[in-house]
Each structure stands twice: as structure tokens, then as C-alpha cells.
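Novice: First, the structure itself, so that you have it in front of you.
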Protein chains: 2
Amino acid sequence: MGLIVQKYGGSSVADAERLLNVAGRVIETYKEGNSVVVVVSAQGDTTDHLIEKAGEINPSPSKREMDVLLSTGEQVSIALLAMAIEKQGYPVISLTGYQAGIATDSNYGASRIKSIDTERIFRELDRRNIVIVAGFQGWNRFDDITTLGRGGSDTTAVALAASLKADLCEIYTDVDGVYTADPRIVPKASKLNEISFDEMLELASLGANVLHNRSVELAKKYNVNMVVRSSFNNNPGTVVKEVGSVEKILIRGVTRDSNIARIAVMGVEDKPGVAFRLFSLLAKENISVDLIIQSIGRDNTKDISFTVSRDSLDKALLVLNSNLSLIGAKEIDFSDSYSKVSIVGAGAVNNPGIAATMFEALYDADINIHMISTSEIKISVLVDKKDSDRAVNVIHDRFKLDSLQ
Amino acid sequence: MGLIVQKYGGSSVADAERLLNVAGRVIETYKEGNSVVVVVSAQGDTTDHLIEKAGEINPSPSKREMDVLLSTGEQVSIALLAMAIEKQGYPVISLTGYQAGIATDSNYGASRIKSIDTERIFRELDRRNIVIVAGFQGWNRFDDITTLGRGGSDTTAVALAASLKADLCEIYTDVDGVYTADPRIVPKASKLNEISFDEMLELASLGANVLHNRSVELAKKYNVNMVVRSSFNNNPGTVVKEVGSVEKILIRGVTRDSNIARIAVMGVEDKPGVAFRLFSLLAKENISVDLIIQSIGRDNTKDISFTVSRDSLDKALLVLNSNLSLIGAKEIDFSDSYSKVSIVGAGAVNNPGIAATMFEALYDADINIHMISTSEIKISVLVDKKDSDRAVNVIHDRFKLDSLQ
């Protein structure tokens with residue numbers, strides 16, 4: 001018996017049958033004597049349909065109005081899930097982001113939760129209501145609707161779990177948990193029973209698509225007990241938690257991210273301040289940069305290469321090309337024919353054998369490495385997109401990840 | 001130059017093209033120097049689709065959750081219309097019922113507006129924003145979403161016009177205005193240039209489907225300048241206004257309502273209190289009754305006949321049959337093969353010739369009259385459904401309504 005926050009993604013609530021299935025799970029948890037708060041996403045493709053509808057009218061609508069539009073998707077879901085629970089005779093109430101007290105900043109389309117006023121939710125829980133909360137949305141100080149951007153519903157769930165001091169935050173999705181690799185690429189991929197917040201953060205930001213990294217950051221910050229499970233079966237899922245000291249060197253998984261593009265800024269002067277000017281220009285346009293490599297200076301010039309998400313490529317090129325003289329660069333080169341393949345595991349980098357093993361596996365498979373980047377717990381390489389599936393598989397094999405749990 | 005409230009119905013905003021057309025009209029009004037508040041309904045069949053979705057999950061969802069669901073329809077419309085106006089470069093902001101300050105009672109699904117806090121709307125108008133308000137929805141004292149029920153968007157528009165002391169309330173729909181009869185039934189029907197609130201009320205409640213009677217009642221109460229126009233052309237429409245003293249006897253229109261059923265309560269005791277018990281039972285179930293006829297007592301029993309909307313028939317029969325002994329009735333008879341045909345016009349009843357002319361027209365066409373009911377400004381008869389189109393036409397002809405304006 002305790003307070004449990006459950007989050008169900010769009011595919012888990014995509015139609016009437018699935019909603020009734022979710023209602024059954026929620027009721028099971030409630031019948032065990034728990035207080036239950038449920039966060040839901042918009043059904044299936046709803047958000048995409050709404051974006052399409054907007055696009056037919058205005059290719060660049062204001063973000064404020066986009067948020068008014070998109071937030072309806074989750075509002076439909078909360079009402080339908082509440083109805084599914086009512087049908088089975090249990091007390092339930094749905095709440096929009098505003099009603100749930102979720103206060104955000106005013107960065108429409110990508111707002112951050114500032115605080116949660118838990119008064120209404122606790123009042124409903126005290127009445128023994130199951131509480132259904134719209135994910136992805138909040139409310140700002142101008143009395144306007146905001147949305148949290150990609151992965152927003154996960155963030156809502158974790159933020160609620162932290163604010164309500166929930167005993168557990170269950171993230172229900174369409175896969176059994178966190179895998180050592182995407183099972184669609186690596187059929188032998190195995191499910192992890194547990195993973196640390198830091199490892200999950202690297203996996204999430206590397207395109208594992210199970211949990212958004214904002215939600216993992218938040219869970220780590222507030223030490224929220226978290227488990228990732230499937231809404232379609234009763235498998236135990238993957239527990240995400242703070243791990244004390246990691247003794248064993250362990251590769252947790254291999255990921256691939258093809259939604260990237262590489263940009264090379266060629267022939268910049270080899271003097272202080274160049275990198276600062278370059279990346280502050282991009283930061284001002286809210287463009288995230290990854291895998292930065294700077295060549296060793298030669299003839300008093302150097303090249304700086306980095307990757308951005310492919311969605312940001314056009315914007316990044318526009319910014320760079322219109323500031324060539326400010327940056328002091330000769331030309332801008334780019335390519336979107338690469339994928340980023342990474343291995344994640346606490347201690348990976350500090351053990352020299354790990355990187356060598358990874359590179360050897362790629363060499364044996366005749367896969368060329370274009371860029372390399374490392375962090376505390378990950379090693380990433382850029383390879384040709386056509387080689388990326390093979391790269392993930394040979395690395396997965398080499399580290400024997402199919403026998404991992 | 002003034003403050004104008006415009007309301008666009010679901011068919012006027014059904015798709016991107018129509019939304020852009022509406023945006024054009026709104027901007028025209030704004031460019032003339034007016035402050036513009038626009039109320040919109042849900043697009044096309046959206047509300048029906050949402051009701052269907054709910055029905056797949058729960059055949060009898062709570063009205064509270066139904067309101068959470070249905071209110072998304074108008075929220076989508078306000079965002080899309082705002083985007084359409086943004087596209088043409090004009091300042092605009094969309095507001096949900098809550099944001100627009102529309103406070104209602106808590107009768108979910110059929111709430112009444114209690115008050116409107118106009119602070120936010122005036123603030124936005126002061127900034128020279130075009131203000132788009134979601135029709136049909138409000139907010140109650142429990143911080144929950146409510147909806148106003150059928151015709152709710154008209155009511156929102158008129159209530160806003162009254163609260164904002166608007167100079168004009170324009171109701172845009174898919175017809176040119178108020179007609180002497182439904183043009184689909186009577187091809188020669190003519191459009192009225194003006195009509196009084198009272199006449200409009202009778203027409204609305206008799207199934208003319210142009211304006212909901214709640215909105216007309218409200219307009220009459222606050223003396224709102226109102227015009228009904230088409231959003232598809234620039235015809236002047238029909239002005240609805242308070243008419244001082246009506247000198248001329250004038251039949252304004254003929255209407256038909258086929259969504260009715262007749263119930264006969266047979267063999268009730270001929271003593272006081274019977275009608276009271278009967279109709280209070282129905283009122284308790286929120287069933288509206290029309291055209292009540294009580295036969296003259298005979299053998300110490302009498303029959304009471306009345307009509308209800310066909311949607312209420314099952315519920316009415318259930319209530320009556322399970323209370324036969326309380327009512328003291330022998331049996332309940334019913335039929336849904338009738339239509340109600342009515343003529344509306346100030347002074348109609350006080351001029352004996354009007355009723356006689358109507359009955360004569362029906363007699364000449366060999367159409368049988370089953371029940372008759374009159375009010376200050378209307379005369380209604382019940383005829384066989386199969387005769388109803390013909391009935392409307394012969395009455396329309398007899399009163400030469402095609403030459404009316």
C-alpha cells in the first residue's frame with residue numbers, strides 16, 4: 001500500500017480496447033489499496049494529426065497557439081480513460097495540467113515545470129478517487145496553456161512522483177523495459193533487470209526511445225523509484241535507480257541514432273574565441289550540439305566538426321552561413337549520411353579495454369569510424385548510415401550483451 | 001467602430017479552407033477599426049466523433065468527464081482560427097472558456113452561464129488583439145470544465161456580447177438568415193429581413209435550427225443587437241431585435257418538427273392532482289413536455305395526451321409505466337409517426353382568422369389534424385409525419401409567405 005504514479009504512453013491508450021486494458025491495470029493497483037495517480041499521453045498518432053491540421057492552415061503558427069491545439073490530445077485521453085474506469089465502477093476523476101497544479105515557465109512548446117501545487121490531487125486522493133492527469137501540459141503565470149515538448153508525459157509523471165513523494169513511478173510503454181540494444185536492429189538484444197540513472201540518461205539521449213532524458217534527470221535529482229514496463233504484459237520491466245558504487249565494468253547497451261547530421265566548419269583562424277563565437281551562435285538559436293571535434297591547427301587555420309540533430313540542420317546551416325565572417329570561417333560542409341553508434345556502461349571509459357574492443361569489432365567488420373567521442377559512461381562513434389545496423393550487431397555480439405540481464 | 005462579437009458555427013470552420021475564409025472576415029471587421037471577439041464551435045462533425053469515441057468505451061459516462069472530452073472540440077477550433085489569423089499577420093489570441101472568464105453552474109452537459117469575468121478579454125482587446133473564444137464551454141466553482149449543451153456556442157456569443165456591452169452580435173451560420181420555412185421543404189421560402197426576439201424564440205423552439213432559443217432568450221433579456229448571417233456570402237442576413245408594438249398581424253414562418261412522439265395516458269381518474277403527479281414525475285427526469293391535451297372527463301376517467309421529443313420517449317415510457325398506479329392510469333399509449341407543424345407570428349392567435357386559415361389550408365389538402373396547441377404567437381398542429389412536408393407547403397402558400405420580407 002502506498003502512492004503509485006503510473007504513466008501510459010500513446011500506444012498504450014491508442015484505442016478503446018487498449019484504454020480498457022489500461023483501466024484494468026489501474027484498477028488492479030487501486031484494489032491493492034494504493035493511491036493511484038495516472039499520467040496519460042495523447043492517443044496513438046493524435047499529436048501528429050493535430051500538427052498536420054495546423055500545417056494546412058499556417059506553416060509557422062505561434063508556439064502559444066500550437067500548445068492550445070496540442071494539449072487537447074492529452075485532454076481527450078484523460079476523459080476517455082476516466083470513462084473506462086467509471087465503466088468498471090471505480091471512483092475516478094480526470095485533471096488537465098492546470099487542474100493538476102502543474103506550473104511551468106512560458107517557453108511555449110518546450111516548457112519546464114517550475115512547481116506543482118499538489119492540493120487538488122491530494123484532495124481527490126483523500127476522497128479515494130483514482131486521479132488521471134494529462135501529461136505533457138502545464139500552465140504559466142499568464143494563465144495560458146503550455147506544453148513540455150518531446151517526452152513531456154514522462155516528465156509529468158516523474159515530476160508528479162517527486163512532488164507527491166510517491167513510493168513508485170511506473171512508466172508503461174510498448175516494450176518490456178530497457179534493452180541492451182533496439183530489438184528491431186539486434187534480435188538477440190536482452191532486457192536489463194536494472195540500470196542506473198546515469199546509464200539510462202546516456203541511453204535515453206542516445207536514441208533508445210524508451211524514456212526521455214529530461215524525465216530521467218528529474219528522477220535522478222529527486223531519487224524517484226522508477227520502473228519501465230510494458231502495458232501489454234505482466235513482465236517485471238527494468239528498474240531505474242541510483243546505483244551506489246559500481247565495481248563491475250559493465251556495458252549496458254548499444255544504441256544507434258540516425259537522426260543526426262555532421263557539420264564541418266572549415267578553415268577557421270587558429271586563435272582563441274573561435275569556438276566560443278561559433279557555439280554561442282548556435283546556442284542562441286537553441287540548437288544542441290554533440291560530438292565536437294577540433295582538428296589540430298595547421299597553416300594557422302583549423303577545422304571544427306560537430307553533429308546536430310537532423311531536424312536542426314537547416315537552421316544551423318542558415319545561422320552559420322550568414323555569420324561566416326563573424327566566425328572567421330572559409331566554408332561550411334555538412335553531411336547527413338552518418339549514424340551515431342554508442343555503447344553505454346558505468347566505468348566504460350576508464351577501462352581501456354572497452355574502447356579497444358569496440359573499435360576492434362568495427363574493424364573486423366570493415367566498418368569505418370569517422371568521429372569518436374567519449375563521456376564518463378559512453379563511447380560514441382560516427383559511422384556511415386548504411387553500416388549502422390551492422391555496427392550495432394557486431395558490437396552487441398562482441399560484448400556478449402545477449403547474455404546480460 | 002465599436003465592439004463586435006462574431007460567432008461561427010461548426011460548418012463555417014469545418015476545414016482549413018473555411019477557417020481561412022472566416023479569418024478573412026474577422027480581419028475585415030478588425031481593419032474597419034472595430035474591437036473583435038470571435039466565438040467558434042467545434043469543427044464539422046467533431047463533437048459527434050468524440051461522442052462516438054466515448055460510446056465505444058462507456059455507454060453511460062459521467063457528464064463531468066464527457067465535458068472534459070467535448071470541450072476539446074472548441075479548443076482545437078480556437079487554436080486553428082488563431083493560426084489562420086496569425087498567418088495573415090494580425091495580432092490574435094485564443095482563449096478557452098476558463099480563460100475567457102465564463103463561470104457556469106455545475107450542471108455538467110447543460111450548464112448555464114452565471115457570470116463572465118471580462119478582465120482578460122478587455123486586457124487583450126486593449127492590446128489590439130483579435131480575441132478568439134471557445135464556445136459551448138465554461139468553468140464551475142470546483143475548478144472543473146463544463147459545457148453548455150445544445151446551441152451552447154450561440155449562448156456563449158450572446159452572453160459575451162451582453163457582458164462586454166458589444167455594439168453588435170453577429171451569428172454566422174451556413175444559411176443566409178431566418179426563413180419563412182425550411183428551404184429544403186419549401187423551395188419558395190423567403191428570407192426575413194428582421195424578426196422580433198419573441199418570434200425568433202418560437203421559431204427556434206419549433207425546430208428552425210438557426211439559433212438556439214437559450215441564446216435568443218438571453219439576447220432579449222439584455223437587448224443585444226443581433227444579426228444572423230451566412231459565413232459563405234455577403235448577404236445582409238436577418239436582424240433579430242425587440243419590436244415595440246406590433247400593429248400588423250404577420251405570420252413570420254412555418255416550421256416542422258419531426259423529432260417528437262405523442263404519449264397518451266389513458267383512463268386516469270377524473271380528480272384533482274392527476275396532472276400534477278404525472279408531469280412532476282416527468283419533470284423530475286428532466287423530460288420536457290409540449291402540446292398537452294386533456295380530454296373531457298367521462299365515466300369518471302379521462303385521457304391526457306402530450307408530446308415529448310423523440311429522444312426522451314423511452315425514458316418517458318419507462319417512468320410512466322413504472323408509476324402506473326401512482327398516476328392512477330389504466331394504460332400508456334404512444335406513437336412516433338407524427339410531426340408538429342407550426343405557424344409563428346406576433347398576434348397570430350388573437351386574430352381568429354389566422355387559425356381558421358391554417359386549418360382550412362390543411363383541410364383543402366386532406367391533411368388530418370391530431371392535436372392543436374396555441375401560444376401568444378404560434379399555432380401548432382400534430383399531423384401524420386408522411387403529410388408534414390405537404391402541410392408546411394400548403395400553409396406557406398396559403399399565407400403567401402414567399403412574398404414576405
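Chain labels follow the order of the C-alpha cells: the first chain is A, the next B, and so on; residue numbering restarts at 1 in every chain, and ligands are counted from 1 in their shown order.
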Please, which residues of chain A lie no more than 6 Å from chain B when the count uses only C-alpha atoms, and can they be set out as a PDB file with C-alpha atoms, in the first residue's frame?
Specialist:
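Contents of result-v4.pdb, as written:
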ATOM      1  CA  ALA A  16     -10.917   1.709 -26.870  1.00  0.00           C
ATOM      2  CA  ILE A  57      -3.530  26.429 -42.130  1.00  0.00           C
ATOM      3  CA  ASN A  58      -0.253  28.020 -41.182  1.00  0.00           C
ATOM      4  CA  PRO A  61       1.982  29.093 -36.232  1.00  0.00           C
ATOM      5  CA  GLU A  65      -1.452  28.600 -30.218  1.00  0.00           C
ATOM      6  CA  VAL A  68      -3.536  25.333 -27.139  1.00  0.00           C
ATOM      7  CA  LEU A  69      -4.023  22.893 -30.013  1.00  0.00           C
ATOM      8  CA  THR A  72      -6.284  18.787 -26.497  1.00  0.00           C
ATOM      9  CA  VAL A  76      -9.142  13.565 -24.816  1.00  0.00           C
ATOM     10  CA  ALA A  79     -11.509  11.836 -20.281  1.00  0.00           C
ATOM     11  CA  MET A  83     -14.757   6.809 -18.595  1.00  0.00           C
ATOM     12  CA  ALA A  84     -13.149   3.378 -18.960  1.00  0.00           C
ATOM     13  CA  LYS A  87     -17.430   1.749 -16.503  1.00  0.00           C
TER      14      LYS A  87
END
Novice: Please extract the residues of region 190-277 of chain A with a backbone DSSP assignment of strand (DSSP E) and present them as a VMD selection string.
Specialist: chain A and resid 194 to 196 226 to 230 238 to 241 253 to 257 260 to 269
Novice: Between B:Ala329, B:Ile130, B:Leu250, B:Val239, which one has atoms that come closest to Val274 (chain B), using only C-alpha atoms?
Specialist: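 Looking at the shortest contact to Val274 (chain B), the residue is B:Ala329.
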Novice: Would you mind listing what lies within 12 Å of Gly2 (chain A) as a PDB file with N, CA and C atoms, in the first residue's frame, with only C-alpha atoms counted and same-chain residues fewer than 3 positions away left out?
Specialist:
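Resulting contents of out-v2.pdb:
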ATOM      1  N   VAL A   5       2.509   6.396  -8.964  1.00  0.00           N
ATOM      2  CA  VAL A   5       2.246   7.161 -10.182  1.00  0.00           C
ATOM      3  C   VAL A   5       2.510   6.230 -11.357  1.00  0.00           C
ATOM      4  N   THR A  29      -4.117  -1.985  -9.397  1.00  0.00           N
ATOM      5  CA  THR A  29      -3.224  -1.282  -8.469  1.00  0.00           C
ATOM      6  C   THR A  29      -4.026  -0.629  -7.349  1.00  0.00           C
ATOM      7  N   TYR A  30      -5.170  -0.066  -7.721  1.00  0.00           N
ATOM      8  CA  TYR A  30      -6.038   0.606  -6.751  1.00  0.00           C
ATOM      9  C   TYR A  30      -6.613  -0.403  -5.757  1.00  0.00           C
ATOM     10  N   LYS A  31      -6.998  -1.571  -6.276  1.00  0.00           N
ATOM     11  CA  LYS A  31      -7.625  -2.583  -5.414  1.00  0.00           C
ATOM     12  C   LYS A  31      -6.644  -3.158  -4.398  1.00  0.00           C
ATOM     13  N   GLU A  32      -5.355  -3.024  -4.711  1.00  0.00           N
ATOM     14  CA  GLU A  32      -4.366  -3.477  -3.733  1.00  0.00           C
ATOM     15  C   GLU A  32      -4.245  -2.491  -2.571  1.00  0.00           C
ATOM     16  N   GLY A  33      -5.015  -1.427  -2.624  1.00  0.00           N
ATOM     17  CA  GLY A  33      -5.028  -0.484  -1.517  1.00  0.00           C
ATOM     18  C   GLY A  33      -4.160   0.738  -1.751  1.00  0.00           C
ATOM     19  N   ASN A  34      -3.615   0.868  -2.934  1.00  0.00           N
ATOM     20  CA  ASN A  34      -2.748   2.001  -3.231  1.00  0.00           C
ATOM     21  C   ASN A  34      -3.547   3.244  -3.610  1.00  0.00           C
ATOM     22  N   SER A  35      -2.972   4.386  -3.389  1.00  0.00           N
ATOM     23  CA  SER A  35      -3.449   5.618  -4.007  1.00  0.00           C
ATOM     24  C   SER A  35      -2.805   5.675  -5.392  1.00  0.00           C
ATOM     25  N   VAL A  36      -3.609   5.954  -6.414  1.00  0.00           N
ATOM     26  CA  VAL A  36      -3.094   5.862  -7.780  1.00  0.00           C
ATOM     27  C   VAL A  36      -3.279   7.170  -8.539  1.00  0.00           C
ATOM     28  N   VAL A  37      -2.179   7.671  -9.073  1.00  0.00           N
ATOM     29  CA  VAL A  37      -2.209   8.833  -9.969  1.00  0.00           C
ATOM     30  C   VAL A  37      -1.703   8.350 -11.322  1.00  0.00           C
ATOM     31  N   LEU A 125      -7.296  12.311  -3.988  1.00  0.00           N
ATOM     32  CA  LEU A 125      -6.816  11.032  -3.448  1.00  0.00           C
ATOM     33  C   LEU A 125      -7.444  10.767  -2.070  1.00  0.00           C
ATOM     34  N   ALA A 161       5.548  12.292  -9.331  1.00  0.00           N
ATOM     35  CA  ALA A 161       6.042  11.320  -8.346  1.00  0.00           C
ATOM     36  C   ALA A 161       6.933  12.015  -7.321  1.00  0.00           C
ATOM     37  N   LEU A 164       4.619  14.494  -5.149  1.00  0.00           N
ATOM     38  CA  LEU A 164       3.679  13.778  -4.271  1.00  0.00           C
ATOM     39  C   LEU A 164       4.427  12.840  -3.323  1.00  0.00           C
ATOM     40  N   LYS A 165       5.745  12.771  -3.479  1.00  0.00           N
ATOM     41  CA  LYS A 165       6.567  11.810  -2.733  1.00  0.00           C
ATOM     42  C   LYS A 165       6.006  10.397  -2.891  1.00  0.00           C
ATOM     43  N   ALA A 166       5.805  10.024  -4.140  1.00  0.00           N
ATOM     44  CA  ALA A 166       5.237   8.716  -4.451  1.00  0.00           C
ATOM     45  C   ALA A 166       6.231   7.610  -4.102  1.00  0.00           C
ATOM     46  N   ASP A 167       5.699   6.437  -3.804  1.00  0.00           N
ATOM     47  CA  ASP A 167       6.566   5.308  -3.495  1.00  0.00           C
ATOM     48  C   ASP A 167       7.169   4.699  -4.759  1.00  0.00           C
ATOM     49  N   LEU A 168       6.485   4.889  -5.875  1.00  0.00           N
ATOM     50  CA  LEU A 168       6.947   4.264  -7.117  1.00  0.00           C
ATOM     51  C   LEU A 168       6.395   5.039  -8.309  1.00  0.00           C
ATOM     52  N   CYS A 169       7.217   5.130  -9.360  1.00  0.00           N
ATOM     53  CA  CYS A 169       6.762   5.736 -10.616  1.00  0.00           C
ATOM     54  C   CYS A 169       6.910   4.692 -11.711  1.00  0.00           C
TER      55      CYS A 169
END
Novice: Need the shell around Val341 (chain A): protein/DNA/RNA residues with any atom at most 7 Å away, counting only C-alpha atoms. Skip same-chain ones fewer than 5 positions apart. Format as a PyMOL selection string?
Specialist: chain A and resi 255-257+380-382+388+392
Novice: Could you name the residues that touch Gly152 (chain B) at 9 Å or less, counting only C-alpha atoms, but leaving out those on the same chain fewer than 2 positions away, as a PyMOL selection string?
Specialist: chain B and resi 41+110+135-137+147-150+154-157+212+214-215
Novice: I need the chosen residues saved as a tab-separated table (two decimals), in the first residue's frame, with C-alpha atoms.
Specialist:
chain	number	residue	atom	x	y	z
B	41	SER	CA	-17.85	25.97	-32.34
B	110	ALA	CA	-26.15	21.55	-19.82
B	135	GLY	CA	-17.89	28.50	-27.50
B	136	PHE	CA	-20.01	25.98	-25.63
B	137	GLN	CA	-17.73	25.73	-22.59
B	147	THR	CA	-20.31	22.59	-21.30
B	148	LEU	CA	-23.49	24.48	-22.08
B	149	GLY	CA	-25.32	21.80	-24.04
B	150	ARG	CA	-27.02	22.20	-27.40
B	154	ASP	CA	-24.72	30.82	-29.65
B	155	THR	CA	-25.29	31.29	-25.95
B	156	THR	CA	-21.60	32.00	-25.37
B	157	ALA	CA	-21.65	34.65	-28.10
B	212	HIS	CA	-30.83	28.09	-30.18
B	214	ARG	CA	-31.41	29.95	-24.98
B	215	SER	CA	-29.31	32.44	-26.89
Novice: Looking only at the backbone, which of the residues in region 48-226 of chain A does DSSP tag as alpha helix (DSSP H), as a ChimeraX atom specification?
Specialist: /A:48-57,63-87,119-126,152-163,197-203,213-222
Novice: Could you check the closest approach to Lys284 (chain A) for each of A:Leu320, A:Ala134, A:Ala264, A:Val254 and tell me which residue wins, using only C-alpha atoms?
Specialist: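 Ranked by minimum distance to Lys284 (chain A), first place goes to A:Leu320.
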Novice: Rank nothing, just name the residue among A:Leu317, A:Val13, A:Ala219, A:Leu203 nearest to Asp333 (chain A), using only C-alpha atoms.
Specialist: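 Closest residue, counting only C-alpha atoms: A:Leu317.
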Novice: Would you compute the distance between CA of Asn129 (chain B) and CA of Ile4 (chain B)? Give it in Å to one decimal.
Specialist: 13.0 Å
Novice: Tell me which of A:Gly345, A:Ala100, A:Leu211, A:Ser153 sits closest to Val133 (chain A), counting only C-alpha atoms.
Specialist: A:Ala100
Novice: Provide the CA of Leu3 (chain A) to CA of Phe232 (chain A) distance in Å, to one decimal place.
Specialist: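 Going from CA of Leu3 (chain A) over to CA of Phe232 (chain A) covers 22.4 Å.
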